[in-house]
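structure.csv (CSV, C-alpha atoms)
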chain,number,residue,atom,x,y,z
A,1,MET,CA,-122.4,-140.9,105.6
A,2,SER,CA,-126.2,-140.5,105.7
A,3,GLU,CA,-128.0,-143.8,106.2
A,4,ILE,CA,-131.3,-144.6,104.4
A,5,LEU,CA,-133.5,-147.6,105.4
A,6,VAL,CA,-134.5,-149.5,102.2
A,7,VAL,CA,-137.4,-151.8,103.1
A,8,GLY,CA,-137.5,-154.5,100.5
A,9,GLY,CA,-133.9,-153.8,99.5
A,10,ALA,CA,-133.2,-157.4,98.4
A,11,GLY,CA,-135.8,-157.2,95.7
A,12,TYR,CA,-135.6,-156.2,92.1
A,13,ILE,CA,-136.2,-152.4,92.5
A,14,GLY,CA,-134.8,-152.2,96.0
A,15,SER,CA,-131.4,-153.7,95.2
A,16,HIS,CA,-130.9,-151.4,92.2
A,17,MET,CA,-131.9,-148.5,94.5
A,18,CYS,CA,-129.2,-149.6,97.0
A,19,LYS,CA,-126.5,-149.6,94.4
A,20,TYR,CA,-127.6,-146.1,93.2
A,21,LEU,CA,-127.6,-144.7,96.8
A,22,HIS,CA,-124.1,-146.1,97.4
A,23,GLY,CA,-122.9,-144.5,94.2
A,24,LYS,CA,-124.2,-141.2,95.5
A,25,GLY,CA,-122.3,-141.5,98.8
A,26,LEU,CA,-125.2,-142.7,100.9
A,27,LYS,CA,-125.4,-145.9,103.0
A,28,PRO,CA,-128.4,-148.2,102.4
A,29,VAL,CA,-129.5,-150.2,105.3
A,30,VAL,CA,-131.7,-153.1,104.0
A,31,LEU,CA,-134.7,-154.7,105.7
A,32,ASP,CA,-136.1,-157.6,103.8
A,33,ASN,CA,-137.7,-160.9,104.9
A,34,LEU,CA,-136.2,-162.6,101.8
A,35,SER,CA,-139.5,-164.2,100.9
A,36,LEU,CA,-139.1,-162.7,97.4
A,37,GLY,CA,-135.8,-161.0,97.5
A,38,HIS,CA,-132.2,-162.3,97.1
A,39,LYS,CA,-129.6,-161.9,99.8
A,40,GLU,CA,-127.0,-162.1,96.9
A,41,SER,CA,-128.2,-158.8,95.6
A,42,VAL,CA,-127.5,-157.0,98.9
A,43,LYS,CA,-123.9,-155.7,98.5
A,44,TRP,CA,-123.8,-152.0,99.5
A,45,GLY,CA,-124.9,-152.1,103.2
A,46,PRO,CA,-126.0,-154.3,106.0
A,47,LEU,CA,-129.0,-156.6,105.7
A,48,TYR,CA,-131.5,-157.2,108.4
A,49,ALA,CA,-133.7,-160.2,107.7
A,50,GLY,CA,-137.2,-159.8,109.0
A,51,ASP,CA,-140.6,-158.3,108.5
A,52,LEU,CA,-141.3,-154.7,107.9
A,53,ASP,CA,-143.8,-154.5,110.8
A,54,ASP,CA,-141.5,-156.1,113.5
A,55,PRO,CA,-141.3,-153.4,116.1
A,56,LYS,CA,-138.3,-155.0,117.9
A,57,LEU,CA,-136.3,-155.4,114.8
A,58,LEU,CA,-137.1,-151.8,113.7
A,59,ALA,CA,-136.2,-150.5,117.1
A,60,GLU,CA,-132.8,-152.3,116.8
A,61,ILE,CA,-132.2,-150.8,113.3
A,62,PHE,CA,-133.2,-147.3,114.4
A,63,ALA,CA,-130.9,-147.6,117.5
A,64,LYS,CA,-127.9,-148.8,115.5
A,65,HIS,CA,-128.2,-146.5,112.5
A,66,ASP,CA,-128.8,-142.8,112.0
A,67,ILE,CA,-131.7,-143.3,109.6
A,68,GLN,CA,-132.6,-140.1,107.7
A,69,ALA,CA,-135.5,-141.5,105.7
A,70,VAL,CA,-137.2,-144.7,104.7
A,71,MET,CA,-137.6,-146.0,101.1
A,72,HIS,CA,-140.5,-148.6,101.0
A,73,PHE,CA,-140.4,-151.2,98.3
A,74,ALA,CA,-141.7,-154.2,100.2
A,75,ALA,CA,-145.1,-154.9,98.6
A,76,PHE,CA,-146.8,-157.7,96.8
A,77,CYS,CA,-147.3,-156.4,93.3
A,78,TYR,CA,-149.0,-159.0,91.1
A,79,VAL,CA,-152.3,-157.8,89.7
A,80,GLY,CA,-153.7,-161.3,88.9
A,81,GLU,CA,-152.7,-162.7,92.3
A,82,SER,CA,-154.4,-159.7,94.0
A,83,MET,CA,-157.6,-160.6,92.4
A,84,THR,CA,-157.6,-164.2,93.8
A,85,GLU,CA,-155.8,-163.5,97.1
A,86,PRO,CA,-156.9,-160.0,98.1
A,87,LEU,CA,-156.4,-160.6,101.9
A,88,LYS,CA,-152.8,-161.3,101.3
A,89,TYR,CA,-152.4,-157.9,99.6
A,90,TYR,CA,-154.3,-155.9,102.3
A,91,GLN,CA,-152.4,-157.6,105.1
A,92,ASN,CA,-148.9,-156.9,103.6
A,93,ASN,CA,-149.3,-153.8,101.6
A,94,VAL,CA,-151.5,-151.9,104.1
A,95,ALA,CA,-151.6,-153.5,107.5
A,96,ALA,CA,-147.8,-154.4,107.7
A,97,THR,CA,-146.9,-150.9,106.3
A,98,LEU,CA,-149.0,-149.4,109.1
A,99,GLY,CA,-146.7,-151.2,111.5
A,100,LEU,CA,-143.6,-149.7,109.8
A,101,LEU,CA,-145.1,-146.2,109.9
A,102,ALA,CA,-146.0,-146.6,113.6
A,103,SER,CA,-142.3,-147.5,114.4
A,104,MET,CA,-141.1,-144.6,112.3
A,105,LEU,CA,-143.2,-142.1,114.2
A,106,GLU,CA,-142.2,-143.7,117.5
A,107,HIS,CA,-138.5,-143.2,116.7
A,108,GLY,CA,-138.8,-139.7,115.1
A,109,ILE,CA,-138.3,-140.8,111.5
A,110,ASN,CA,-140.6,-138.5,109.4
A,111,LYS,CA,-139.6,-139.0,105.8
A,112,MET,CA,-140.7,-141.7,103.4
A,113,ILE,CA,-140.3,-142.4,99.7
A,114,PHE,CA,-143.2,-144.7,98.9
A,115,SER,CA,-143.5,-147.0,95.9
A,116,SER,CA,-147.0,-146.4,94.6
A,117,SER,CA,-148.3,-147.5,91.2
A,118,CYS,CA,-150.1,-146.5,88.0
A,119,ALA,CA,-152.6,-149.2,89.1
A,120,THR,CA,-154.2,-146.5,91.3
A,121,TYR,CA,-155.7,-145.0,88.2
A,122,GLY,CA,-157.6,-148.0,86.9
A,123,GLU,CA,-159.0,-147.6,83.4
A,124,PRO,CA,-157.8,-144.0,82.6
A,125,GLU,CA,-160.2,-141.5,81.3
A,126,THR,CA,-157.6,-139.8,79.2
A,127,LEU,CA,-154.1,-140.5,78.0
A,128,PRO,CA,-151.3,-139.9,78.8
A,129,ILE,CA,-152.1,-140.2,82.5
A,130,SER,CA,-151.3,-137.1,84.6
A,131,GLU,CA,-151.2,-136.9,88.4
A,132,GLY,CA,-154.5,-135.0,88.5
A,133,LEU,CA,-156.5,-137.8,86.9
A,134,THR,CA,-159.2,-139.4,89.1
A,135,GLN,CA,-157.8,-142.5,90.8
A,136,LYS,CA,-160.2,-145.5,90.4
A,137,PRO,CA,-158.3,-148.7,90.8
A,138,ILE,CA,-159.9,-151.8,89.4
A,139,ASN,CA,-157.9,-154.5,91.4
A,140,PRO,CA,-156.9,-155.0,95.0
A,141,TYR,CA,-153.3,-154.3,94.3
A,142,GLY,CA,-154.1,-150.8,93.0
A,143,ARG,CA,-156.5,-150.3,95.9
A,144,THR,CA,-153.8,-151.1,98.5
A,145,LYS,CA,-151.5,-148.5,96.9
A,146,LEU,CA,-154.2,-145.8,96.9
A,147,MET,CA,-155.1,-146.6,100.5
A,148,MET,CA,-151.5,-146.0,101.5
A,149,GLU,CA,-151.3,-142.8,99.6
A,150,ASN,CA,-154.4,-141.6,101.5
A,151,ILE,CA,-152.9,-142.8,104.8
A,152,LEU,CA,-149.7,-140.9,104.1
A,153,ASP,CA,-151.7,-137.7,103.4
A,154,ASP,CA,-153.3,-138.1,106.8
A,155,LEU,CA,-150.0,-138.7,108.6
A,156,ASP,CA,-148.6,-135.6,107.1
A,157,SER,CA,-151.6,-133.6,108.4
A,158,ALA,CA,-151.6,-135.1,111.8
A,159,ASN,CA,-148.0,-136.0,112.5
A,160,GLY,CA,-145.8,-134.1,110.0
A,161,LEU,CA,-144.6,-137.2,108.3
A,162,LYS,CA,-143.5,-136.1,104.8
A,163,SER,CA,-143.7,-138.5,101.9
A,164,VAL,CA,-143.2,-138.6,98.2
A,165,CYS,CA,-145.4,-141.2,96.5
A,166,LEU,CA,-144.0,-142.4,93.1
A,167,ARG,CA,-146.5,-144.0,90.8
A,168,TYR,CA,-144.6,-146.4,88.7
A,169,PHE,CA,-145.5,-147.6,85.3
A,170,ASN,CA,-143.7,-150.8,84.3
A,171,ALA,CA,-140.2,-151.1,85.8
A,172,ALA,CA,-138.0,-153.0,83.4
A,173,GLY,CA,-134.4,-153.6,82.4
A,174,ALA,CA,-131.3,-154.4,84.5
A,175,ASP,CA,-128.2,-152.8,85.9
A,176,PRO,CA,-126.1,-151.7,82.9
A,177,GLU,CA,-122.9,-152.9,84.7
A,178,GLY,CA,-124.4,-156.4,85.0
A,179,GLU,CA,-124.4,-156.8,88.8
A,180,LEU,CA,-128.1,-156.9,89.2
A,181,GLY,CA,-131.2,-158.0,87.4
A,182,GLU,CA,-134.8,-159.1,87.6
A,183,ASP,CA,-135.3,-162.6,89.2
A,184,HIS,CA,-138.7,-163.5,90.6
A,185,ASP,CA,-140.0,-167.0,91.6
A,186,PRO,CA,-142.5,-167.5,90.1
A,187,GLU,CA,-142.0,-164.9,87.4
A,188,THR,CA,-145.0,-163.1,86.1
A,189,HIS,CA,-143.5,-160.0,84.6
A,190,LEU,CA,-143.7,-159.8,80.8
A,191,ILE,CA,-140.1,-158.8,79.9
A,192,PRO,CA,-138.3,-161.5,81.8
A,193,LEU,CA,-140.8,-164.1,80.6
A,194,VAL,CA,-140.2,-163.0,77.0
A,195,LEU,CA,-136.5,-163.3,77.5
A,196,TYR,CA,-136.8,-166.8,79.2
A,197,ALA,CA,-138.6,-167.8,76.0
A,198,ALA,CA,-135.7,-166.5,73.9
A,199,LEU,CA,-133.3,-168.4,76.1
A,200,GLY,CA,-135.3,-171.6,75.8
A,201,ARG,CA,-136.1,-171.7,79.5
A,202,LEU,CA,-139.8,-171.1,78.9
A,203,LYS,CA,-141.5,-173.5,76.5
A,204,ASN,CA,-144.7,-171.6,76.1
A,205,LEU,CA,-145.0,-167.8,76.4
A,206,THR,CA,-148.6,-166.9,77.0
A,207,VAL,CA,-150.1,-163.6,75.9
A,208,PHE,CA,-153.3,-162.8,77.8
A,209,GLY,CA,-155.9,-161.2,75.6
A,210,LYS,CA,-155.9,-160.4,71.9
A,211,ASP,CA,-159.2,-158.4,71.8
A,212,TYR,CA,-158.3,-155.2,73.7
A,213,PRO,CA,-159.2,-151.9,72.0
A,214,THR,CA,-155.6,-151.4,70.9
A,215,GLU,CA,-153.8,-151.4,67.5
A,216,ASP,CA,-152.9,-155.1,67.7
A,217,GLY,CA,-155.4,-156.2,70.3
A,218,THR,CA,-152.9,-156.7,73.1
A,219,CYS,CA,-152.4,-154.6,76.3
A,220,VAL,CA,-150.3,-151.4,76.0
A,221,ARG,CA,-147.9,-150.4,78.7
A,222,ASP,CA,-145.3,-147.7,79.5
A,223,TYR,CA,-141.9,-149.2,80.4
A,224,ILE,CA,-139.3,-147.3,82.6
A,225,HIS,CA,-135.8,-148.5,83.1
A,226,ILE,CA,-134.8,-149.5,86.6
A,227,ASN,CA,-131.9,-147.0,86.8
A,228,ASP,CA,-134.1,-144.2,85.7
A,229,LEU,CA,-136.5,-145.3,88.4
A,230,ALA,CA,-133.7,-145.2,91.0
A,231,GLN,CA,-132.6,-141.7,89.8
A,232,ALA,CA,-136.2,-140.4,90.5
A,233,HIS,CA,-136.2,-141.9,94.0
A,234,TYR,CA,-132.9,-140.3,94.8
A,235,LEU,CA,-134.2,-136.9,93.6
A,236,ALA,CA,-137.3,-137.4,95.6
A,237,LEU,CA,-135.2,-138.2,98.7
A,238,ASN,CA,-133.2,-135.0,98.2
A,239,HIS,CA,-136.5,-133.1,97.9
A,240,LEU,CA,-137.5,-134.4,101.4
A,241,LEU,CA,-134.1,-134.1,103.0
A,242,GLY,CA,-134.0,-130.5,101.8
A,243,GLY,CA,-137.2,-129.7,103.6
A,244,GLY,CA,-139.7,-130.2,100.7
A,245,GLU,CA,-143.4,-130.9,101.2
A,246,SER,CA,-145.2,-134.2,100.4
A,247,GLU,CA,-145.7,-134.8,96.7
A,248,LYS,CA,-146.9,-137.4,94.2
A,249,TYR,CA,-145.3,-138.1,90.9
A,250,ASN,CA,-145.8,-140.4,87.9
A,251,LEU,CA,-142.8,-142.3,86.7
A,252,GLY,CA,-142.9,-143.5,83.1
A,253,ASN,CA,-141.5,-142.8,79.6
A,254,GLY,CA,-144.7,-141.5,78.1
A,255,ASN,CA,-144.6,-144.1,75.3
A,256,GLY,CA,-146.9,-147.0,75.1
A,257,TYR,CA,-145.8,-150.4,73.8
A,258,SER,CA,-148.0,-153.4,73.2
A,259,ILE,CA,-147.2,-156.9,74.3
A,260,LEU,CA,-146.5,-157.8,70.7
A,261,ASP,CA,-144.2,-154.8,70.4
A,262,VAL,CA,-142.2,-156.1,73.4
A,263,ILE,CA,-142.0,-159.6,71.9
A,264,ASN,CA,-140.8,-158.3,68.5
A,265,THR,CA,-138.3,-156.0,70.0
A,266,ALA,CA,-136.9,-158.7,72.3
A,267,SER,CA,-136.6,-161.0,69.3
A,268,LYS,CA,-134.5,-158.2,67.6
A,269,VAL,CA,-132.3,-157.6,70.6
A,270,SER,CA,-131.7,-161.3,71.3
A,271,GLY,CA,-131.5,-162.4,67.7
A,272,ARG,CA,-133.9,-165.3,68.4
A,273,GLU,CA,-137.4,-166.2,67.4
A,274,ILE,CA,-139.9,-166.1,70.3
A,275,ALA,CA,-142.9,-168.3,70.0
A,276,TYR,CA,-146.1,-167.4,71.9
A,277,THR,CA,-149.7,-168.4,72.2
A,278,PHE,CA,-152.8,-166.4,73.2
A,279,ALA,CA,-155.1,-167.0,76.2
A,280,ASP,CA,-158.1,-165.2,77.6
A,281,ARG,CA,-157.7,-161.8,79.3
A,282,ARG,CA,-156.6,-161.7,82.9
A,283,PRO,CA,-159.1,-160.1,85.3
A,284,GLY,CA,-158.0,-156.7,86.4
A,285,ASP,CA,-155.8,-155.7,83.5
A,286,PRO,CA,-156.6,-152.3,81.9
A,287,ALA,CA,-156.1,-152.1,78.1
A,288,VAL,CA,-153.7,-149.1,78.1
A,289,LEU,CA,-151.6,-147.5,80.8
A,290,VAL,CA,-149.3,-144.7,79.5
A,291,GLY,CA,-148.2,-141.9,81.8
A,292,SER,CA,-147.0,-138.3,81.7
A,293,SER,CA,-144.0,-137.7,83.8
A,294,ASP,CA,-143.9,-134.0,83.1
A,295,LYS,CA,-144.3,-133.1,86.8
A,296,ALA,CA,-141.3,-135.2,87.9
A,297,ILE,CA,-139.2,-133.8,85.0
A,298,SER,CA,-140.1,-130.2,85.9
A,299,GLU,CA,-140.1,-130.3,89.7
A,300,LEU,CA,-137.5,-132.9,90.5
A,301,ASN,CA,-135.3,-132.2,87.5
A,302,TRP,CA,-135.6,-135.9,86.6
A,303,LYS,CA,-133.7,-136.8,83.4
A,304,PRO,CA,-134.5,-140.4,82.2
A,305,ILE,CA,-131.6,-141.9,80.2
A,306,PHE,CA,-133.1,-145.2,78.9
A,307,ASN,CA,-136.0,-143.8,76.9
A,308,SER,CA,-136.4,-146.5,74.2
A,309,LEU,CA,-137.8,-150.0,74.5
A,310,GLU,CA,-134.8,-151.4,72.7
A,311,ASN,CA,-132.3,-149.8,75.1
A,312,ILE,CA,-134.3,-151.1,78.1
A,313,LEU,CA,-134.6,-154.6,76.6
A,314,GLN,CA,-130.9,-154.7,75.8
A,315,THR,CA,-129.8,-154.3,79.4
A,316,ALA,CA,-132.3,-157.0,80.5
A,317,TRP,CA,-131.1,-159.4,77.8
A,318,ASP,CA,-127.5,-158.8,78.8
A,319,TRP,CA,-128.2,-159.7,82.3
A,320,HIS,CA,-130.5,-162.7,81.6
A,321,SER,CA,-128.2,-164.2,79.0
A,322,ASN,CA,-125.2,-163.9,81.4
A,323,ASN,CA,-127.3,-165.2,84.4
A,324,PRO,CA,-129.7,-167.7,82.9
A,325,ASP,CA,-130.4,-169.1,86.4
A,326,GLY,CA,-130.9,-165.6,87.9
A,327,TYR,CA,-129.3,-165.4,91.3
A,328,GLY,CA,-128.9,-169.2,91.4
A,329,SER,CA,-132.3,-170.2,92.7
A,330,ASP,CA,-133.6,-173.6,91.6
A,331,ARG,CA,-136.5,-173.3,89.4
A,332,ASN,CA,-139.0,-175.6,87.5
A,333,ARG,CA,-140.6,-173.7,84.7
As structure tokens, please, write out the structure in this file.
Amino acid sequence: MSEILVVGGAGYIGSHMCKYLHGKGLKPVVLDNLSLGHKESVKWGPLYAGDLDDPKLLAEIFAKHDIQAVMHFAAFCYVGESMTEPLKYYQNNVAATLGLLASMLEHGINKMIFSSSCATYGEPETLPISEGLTQKPINPYGRTKLMMENILDDLDSANGLKSVCLRYFNAAGADPEGELGEDHDPETHLIPLVLYAALGRLKNLTVFGKDYPTEDGTCVRDYIHINDLAQAHYLALNHLLGGGESEKYNLGNGNGYSILDVINTASKVSGREIAYTFADRRPGDPAVLVGSSDKAISELNWKPIFNSLENILQTAWDWHSNNPDGYGSDRNR
């Protein structure tokens, strides 16, 4: 059984990826420091608790397991926080990842699937966003992702390390079988916050900005279901394991939904009224981010299944309503 190192495999996206790999007959080996992830979500392979740039721990993992490739999900990913704590983002998303890459090269591991982001594009010049669009990130989070894409290009040229960079739009939803879901502390992602409000766990849902140049004045985003995201990673992995060259792909649905669209659809799915208030815009938030995934569909044969906001929200609602305390962490909202 081929073994894949999943860095950040106890987190939201990483844990769903581990289940998907297991379903395809692969063995996920998880490295996660559990600062944001949940050990309860690691069910399909061993868990090594530690940092991604710990050379001794990585040497132990590479010695015990026949790692064929690395999937890297361990990044700080909050745009607002990156604006106020940029050093935290550069230290983890760039400096620590360099430590991981150095260990990979030392041990002859030369394939990586890298979680990048649509945040590398900044305020897009045209919509939908294609991979050839100029990347001009407007926040430190986006800049860290673009830096890593450039570094991976250099390591390919100099060291033959092949990578696929997957530029996500907004990951959303939950495992349709109900084993996994989205559980952050603190939670800043829109969909779980909207559902917390539906469940009565959040007293005041705040919508940041009502004066964007959009139809209803709120930000517009492209949402992609977590299982469709995992499918794309698996296909990218097969691309590299089959001897493919380094590539970059957008991952989204190509449809834009405003914050108010999300709130109204969540109200329909949950059957509950969702109250909200407006606040000022958050620094670093583009008005519209909607992507074209034509390249991934064409070259990777990616076939997204959950292609409507209602379907995505239904899986999220099913998980949150059945797991109102998430993975059981104590919270004060």
Please build the interface table for region 204-237 of chain A against region 255-277 of chain A with a cut-off of 8 Å, listing for each qualifying residue the nearest atom pair and the distance in Å to one decimal; count all atoms listed in the file, order rows by chain and increasing number, and write it as JSON lines.
{"residue": "A:Asn204", "atom": "CA", "partner": "A:Tyr276", "partner_atom": "CA", "distance": 6.1}
{"residue": "A:Leu205", "atom": "CA", "partner": "A:Tyr276", "partner_atom": "CA", "distance": 4.6}
{"residue": "A:Thr206", "atom": "CA", "partner": "A:Thr277", "partner_atom": "CA", "distance": 5.1}
{"residue": "A:Val207", "atom": "CA", "partner": "A:Thr277", "partner_atom": "CA", "distance": 6.1}
{"residue": "A:Asp216", "atom": "CA", "partner": "A:Ser258", "partner_atom": "CA", "distance": 7.6}
{"residue": "A:Thr218", "atom": "CA", "partner": "A:Ile259", "partner_atom": "CA", "distance": 5.8}
{"residue": "A:Cys219", "atom": "CA", "partner": "A:Ser258", "partner_atom": "CA", "distance": 5.5}
{"residue": "A:Val220", "atom": "CA", "partner": "A:Ser258", "partner_atom": "CA", "distance": 4.1}
{"residue": "A:Arg221", "atom": "CA", "partner": "A:Gly256", "partner_atom": "CA", "distance": 5.1}
{"residue": "A:Asp222", "atom": "CA", "partner": "A:Gly256", "partner_atom": "CA", "distance": 4.7}
{"residue": "A:Tyr223", "atom": "CA", "partner": "A:Gly256", "partner_atom": "CA", "distance": 7.6}
- Task: Within 10 Å of Tyr121 (chain A), counting only C-alpha atoms, which residues show up once you throw out same-chain ones fewer than 4 positions away? Write them as a PyMOL selection string, please.
- Result: chain A and resi 117+125+129-131+133-138+142-143+146+167+286+289
Separating CA of Cys165 (chain A) from CA of Ala236 (chain A), to the nearest tenth of an Å, is a gap of 9.0 Å
Tell me which residues come within 12 Å of (-159.3, -155.9, 102.0), as number ranges by chain, counting all atoms listed in the file in the file's coordinates. A: 82-95, 139-145, 147
Check your understanding: Distance CA of Tyr212 (chain A)-CA of Leu190 (chain A), one decimal place?
Key ->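 Value for the CA of Tyr212 (chain A)-CA of Leu190 (chain A) distance: 16.9 Å.
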Nearest to Leu199 (chain A): which of A:Gly217, A:Leu47, A:His320, A:Leu240 is it, counting only C-alpha atoms?
->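 When distances to Leu199 (chain A) are compared using only C-alpha atoms, the smallest one comes from A:His320.
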CA of Ala172 (chain A) to CA of Phe278 (chain A) measures 22.4 Å
Min atom-atom distance to Gly11 (chain A) from the set A:Ala59, A:Ile226, A:Met104, A:Tyr196, counting only C-alpha atoms, belongs to A:Ile226
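When all atoms listed in the file are used to measure the gap to Val70 (chain A), the shortest distance among A:Ile13, A:Glu179, A:Val164, A:Lys24 belongs to A:Val164.
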